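*Asks:* Here's a structure for you.
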Amino acid sequence: MKHNIAVIAGDGIGPEVLAEGVKVLNAVAEVDGSFSFDFTHFPWGCEYYLKHGKMMADDGMEKLKKFDAIFLGAVGYPGVPDHISLWDLLLVIRKKFDQYINIRPVKLLKGAPTPLKDVTCEDIDMVFIRENSEGEYAGSGSWLYPGQDNEVVIQNGVFSRKGCERVIRYAFELAKKEGKTLTSISKGNALNYSMVFWDQIFKEVSADYPEVKTYSYLVDAASMFMVKDPKRFEVVVTSNLFGDILTDLGAAISGGMGLAAGANINPERTFPSMFEPIHGSAPDIAGKQIANPLATVWSVAQMLEFFGYQEWSDRIISIIEEIMVDAKVLTPDMYGTAKTSEVGDEVVRKIKEKYSK
Ligand code: NAD
Ligand code: IPM
Ligand code: MN
């Protein structure tokens, strides 16, 4: 079985970490022998924009549509306004391919550094289901009278019944399947239309899942509890913007930006899904081979799971754990001295050592 993967390495550390992800996928395929990956690299991103005046080719979406999955590094770099680079590449893919589920594990793996005191791996074990297609990221609004005294900017949040219901239902299904609790995070006290509606739909859908124990938190309190008492959270469902912010907080408590991964899923599989580390292009460390590729490797585990190779997915996660417990081949963000490529090589070495037939 061959899986065709579109690779958009993007900007900054994107190409550095993605090269390691590709290495790992190839190693898994080689050792397994029953499937393979075919990678097609697209040179899209900020450099492409500076040359061509656009973030991707005009027929970019048509091209991507044919792939089984997209593997993305990071997008955005000083010199191109972020709202252009992100809207015309990353966000357009999430939206046009209806990748309305963003799965972001916030799980303290063995050996991962955490700034929290007295927590165990069991205490931080959540998965965020972030709405990924609308909400605060709908791109609806206007900019009136620019530069004039009466200048006014409007940014609308768009919360459709369909959009809220499908992500909330997805989260309930996951919580039910895994026997976990489900926490909804919103802000109905201040956002008196969108979040009141969200809360109402959460309540409506919960009636179909009497077996799932639910909690509902305001986003400000939820941020506090994620730090003070993270074990309250198991499956979490939230809006696009809250999910973005809370998963960087989640990364901070569970190993850092260099370890946090995310899957942008189109559950119907009408369009390709997209796998990526959740961090950005990190211009502050780009080009130095010091970026941590483990977030990308974790997104490889998510991709393997998506393709039905659950066992390989679990193996990759346990290799990430082993590497952190060994603490011999780690990048500086994890207090090591290894290069990006050395960490990727170590993952490959362990795959071959443990699983070659
Ligand atoms: P960032 O995630 O790029 O960096 C935040 C901090 O985390 C930096 O100090 C960086 O060095 C560190 N960091 C990130 N990834 C790391 C890794 N793998 N290993 C070690 N350290 C790592 O966020 P930012 O600085 O706010 O954004 C930089 C650019 O990336 C902006 O243009 C932004 O819009 C874009 N961005 C893109 C994505 C994406 O493509 N998915 C996500 C977030 C930000
Ligand atoms: C992420 C990123 C993106 C988001 C940006 C770059 C548009 O921060 O994937 O977390 O906000 O979704
Ligand atoms: Mn983010």
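Chain identifiers are assigned as A, B, and so on, following the order in which chains appear in the structure tokens; residues are numbered from 1 within each chain, and ligands are numbered from 1 in order of appearance.
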Neighbours of A:Phe275 within 7 Å (only C-alpha atoms; same-chain residues fewer than 5 positions away dropped), as number ranges by chain?

*Replies:* A: 70-72, 262-264, 299, 303

*Asks:* Excluding A:Arg169 and its own-chain neighbours fewer than 6 positions away, which residues fall within 9 Å of it when counting only C-alpha atoms? Please give them as a list in words.

*Replies:*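 In the requested format, the answer is Phe202, Val205 and Ser206 of chain A.
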
*Asks:* Neighbours of ligand 2 within 6 Å, counting only C-alpha atoms and all ligand atoms, as a list in words?

*Replies:*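 Final answer, ordered by chain and number: Leu86, Asp244 and Ile278 of chain A.
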
*Asks:* Which residues, written as a VMD selection string, have at least one atom at most 7 Å from A:Leu18, with only C-alpha atoms counted and residues fewer than 5 positions away on the same chain left out?

*Replies:* chain A and resid 9 73 296

*Asks:* Please write the residues from the selection above to a file, keeping N, CA, C and O atoms, as a CSV table (one decimal), in the first residue's frame.

*Replies:*
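After the write, out.csv holds the following:
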chain,number,residue,atom,x,y,z
A,9,ALA,N,7.1,22.1,3.5
A,9,ALA,CA,8.0,22.4,4.7
A,9,ALA,C,7.8,23.8,5.2
A,9,ALA,O,8.0,24.0,6.4
A,73,GLY,N,5.3,21.9,7.8
A,73,GLY,CA,6.3,22.3,8.8
A,73,GLY,C,5.8,23.5,9.5
A,73,GLY,O,5.1,23.4,10.6
A,296,THR,N,7.3,17.3,15.5
A,296,THR,CA,7.0,16.8,14.2
A,296,THR,C,6.9,15.2,14.2
A,296,THR,O,6.1,14.6,13.5

*Asks:* Grab me every residue within 6 Å of ligand 1, counting only C-alpha atoms and all ligand atoms, and send it over as an MDAnalysis selection string.

*Replies:* chainID A and resid 74:77 82 257:258 278:282 284:285 291:293 333

*Asks:* Need to verify the contact set: A:Arg166, 10 Å, only C-alpha atoms, exclusion of same-chain residues closer than 4 positions in sequence. Can you return it as a VMD selection string?

*Replies:* chain A and resid 100 to 101 131 160 to 162 170 to 172 205

*Asks:* Using only C-alpha atoms, which residues sit within 7 Å of A:Gln302 once same-chain residues fewer than 4 positions away are excluded, as a list of chain:residue names?

*Replies:*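 The filter keeps A:Ala263, A:Trp298, A:Phe306, A:Ser313.
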
*Asks:* Have a look at A:Gly79, A:Gly163, A:Gly139, A:Pro15 and name the one nearest to A:Thr238; count only C-alpha atoms.

*Replies:* A:Gly163

*Asks:* Kindly indicate which residue among A:Met126, A:Ala338, A:Leu90, A:Met226 lies nearest to ligand 3, using only C-alpha atoms and all ligand atoms for the distances.

*Replies:* A:Leu90

*Asks:* Give me, as a JSON list (two decimals) with C-alpha atoms, in the first residue's frame, all polymer residues having an atom no more than 10 Å from A:Ala190, counting only C-alpha atoms and skipping those fewer than 5 positions away in the same chain.

*Replies:*
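Heads up, here's the output in part-v7.json:
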[["chain", "number", "residue", "atom", "x", "y", "z"],
["A", 195, "MET", "CA", -20.48, 31.37, 23.49],
["A", 196, "VAL", "CA", -23.99, 31.25, 24.86],
["A", 218, "LEU", "CA", -15.01, 29.55, 31.37]]

*Asks:* From the options A:Phe37, A:Tyr215, A:Tyr137, A:Tyr48, which residue's atoms come nearest to A:Val92, counting only C-alpha atoms?

*Replies:*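 Comparing A:Phe37, A:Tyr215, A:Tyr137, A:Tyr48 against A:Val92, the winner is A:Tyr137.
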
*Asks:* Could you pull out the alpha helix (DSSP H) residues of stretch 137-312 of chain A, going by DSSP on the backbone, and write them as a PyMOL selection string?

*Replies:* chain A and resi 161-178+194-206+219-228+240-253+294-306+310-312

*Asks:* Residues near A:His3, anyone? I mean within 9 Å using only C-alpha atoms, not counting same-chain ones fewer than 4 positions away, as a list in words.

*Replies:*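 My list of contacting residues is Phe35, Ser36, Phe37, Asp38, Phe39, Phe67, Asp68, Ala69 and Phe307 of chain A.
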
*Asks:* Just asking: which residues within stretch 112-269 of chain A are strand (DSSP E) according to DSSP, as a PDB file with C-alpha atoms, in the first residue's frame?

*Replies:*
ATOM      1  CA  ASP A 125      -3.178  13.552  30.052  1.00  0.00           C
ATOM      2  CA  MET A 126      -5.627  15.493  27.935  1.00  0.00           C
ATOM      3  CA  VAL A 127      -6.554  15.808  24.331  1.00  0.00           C
ATOM      4  CA  PHE A 128      -7.880  19.035  22.896  1.00  0.00           C
ATOM      5  CA  ILE A 129     -10.477  18.882  20.162  1.00  0.00           C
ATOM      6  CA  ARG A 130     -10.264  22.355  18.725  1.00  0.00           C
ATOM      7  CA  GLU A 131     -12.856  23.715  16.294  1.00  0.00           C
ATOM      8  CA  GLY A 135     -15.472  30.725  15.032  1.00  0.00           C
ATOM      9  CA  GLU A 136     -13.108  33.599  15.703  1.00  0.00           C
ATOM     10  CA  TYR A 137     -11.088  32.520  12.620  1.00  0.00           C
ATOM     11  CA  ALA A 138     -13.983  32.904  10.179  1.00  0.00           C
ATOM     12  CA  GLY A 139     -12.316  35.871   8.517  1.00  0.00           C
ATOM     13  CA  SER A 140     -15.527  37.870   8.569  1.00  0.00           C
ATOM     14  CA  GLY A 141     -15.338  41.589   9.164  1.00  0.00           C
ATOM     15  CA  SER A 142     -14.462  44.898   7.652  1.00  0.00           C
ATOM     16  CA  TRP A 143     -12.018  47.766   7.880  1.00  0.00           C
ATOM     17  CA  LEU A 144     -13.768  51.032   7.309  1.00  0.00           C
ATOM     18  CA  VAL A 152     -13.319  51.342  12.550  1.00  0.00           C
ATOM     19  CA  VAL A 153     -12.485  47.666  12.397  1.00  0.00           C
ATOM     20  CA  ILE A 154     -14.939  44.826  12.869  1.00  0.00           C
ATOM     21  CA  GLN A 155     -13.929  41.181  13.334  1.00  0.00           C
ATOM     22  CA  ASN A 156     -16.893  38.855  13.581  1.00  0.00           C
ATOM     23  CA  GLY A 157     -16.955  35.456  15.202  1.00  0.00           C
ATOM     24  CA  VAL A 158     -18.995  33.023  13.166  1.00  0.00           C
ATOM     25  CA  LEU A 182     -15.458  15.741  28.377  1.00  0.00           C
ATOM     26  CA  THR A 183     -14.841  19.379  29.260  1.00  0.00           C
ATOM     27  CA  SER A 184     -16.197  22.236  27.176  1.00  0.00           C
ATOM     28  CA  ILE A 185     -14.318  25.524  27.409  1.00  0.00           C
ATOM     29  CA  SER A 186     -16.164  28.695  26.442  1.00  0.00           C
ATOM     30  CA  THR A 214     -19.184  16.503  31.359  1.00  0.00           C
ATOM     31  CA  TYR A 215     -17.746  19.712  32.738  1.00  0.00           C
ATOM     32  CA  SER A 216     -18.022  23.232  31.444  1.00  0.00           C
ATOM     33  CA  TYR A 217     -15.472  25.937  32.264  1.00  0.00           C
ATOM     34  CA  LEU A 218     -15.013  29.551  31.366  1.00  0.00           C
ATOM     35  CA  VAL A 235     -11.075  15.221  26.499  1.00  0.00           C
ATOM     36  CA  VAL A 236     -11.532  18.953  25.970  1.00  0.00           C
ATOM     37  CA  VAL A 237     -13.594  20.682  23.278  1.00  0.00           C
ATOM     38  CA  THR A 238     -13.280  24.367  22.541  1.00  0.00           C
ATOM     39  CA  ALA A 261       1.763  18.142  17.696  1.00  0.00           C
ATOM     40  CA  GLY A 262      -1.547  18.584  15.968  1.00  0.00           C
ATOM     41  CA  ALA A 263      -3.678  16.821  13.372  1.00  0.00           C
ATOM     42  CA  ASN A 264      -6.091  18.781  11.189  1.00  0.00           C
ATOM     43  CA  ILE A 265      -8.710  16.223  10.316  1.00  0.00           C
TER      44      ILE A 265
END

*Asks:* Considering only C-alpha atoms and all ligand atoms, can you say which of A:Glu346, A:Ser318, A:Arg104, A:Glu311 comes closest to ligand 3?

*Replies:*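 Closest to ligand 3 of all the choices is A:Arg104.
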
*Asks:* Find, counting only C-alpha atoms, the residue in A:Leu174, A:Met274, A:Val22, A:Ile201 that gets nearest to A:Gly344.

*Replies:*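 Of A:Leu174, A:Met274, A:Val22, A:Ile201, the one nearest A:Gly344 is A:Val22, counting only C-alpha atoms.
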
*Asks:* Between atom CA of A:Lys107 and atom CA of A:Arg349, what is the spacing in Å?

*Replies:*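 Going from atom CA of A:Arg349 over to atom CA of A:Lys107 covers 24.4 Å.
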
*Asks:* Between A:Val343, A:Ala221, A:Ile103, A:Ala251, which is the closest to A:Lys328 once you count only C-alpha atoms?

*Replies:*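 Nearest candidate to A:Lys328 out of A:Val343, A:Ala221, A:Ile103, A:Ala251: A:Val343.
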
*Asks:* Quote the spacing between atom CA of A:Ile290 and atom CA of A:Ala252 in Å to one decimal place.

*Replies:*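 So the answer is 18.2 Å.
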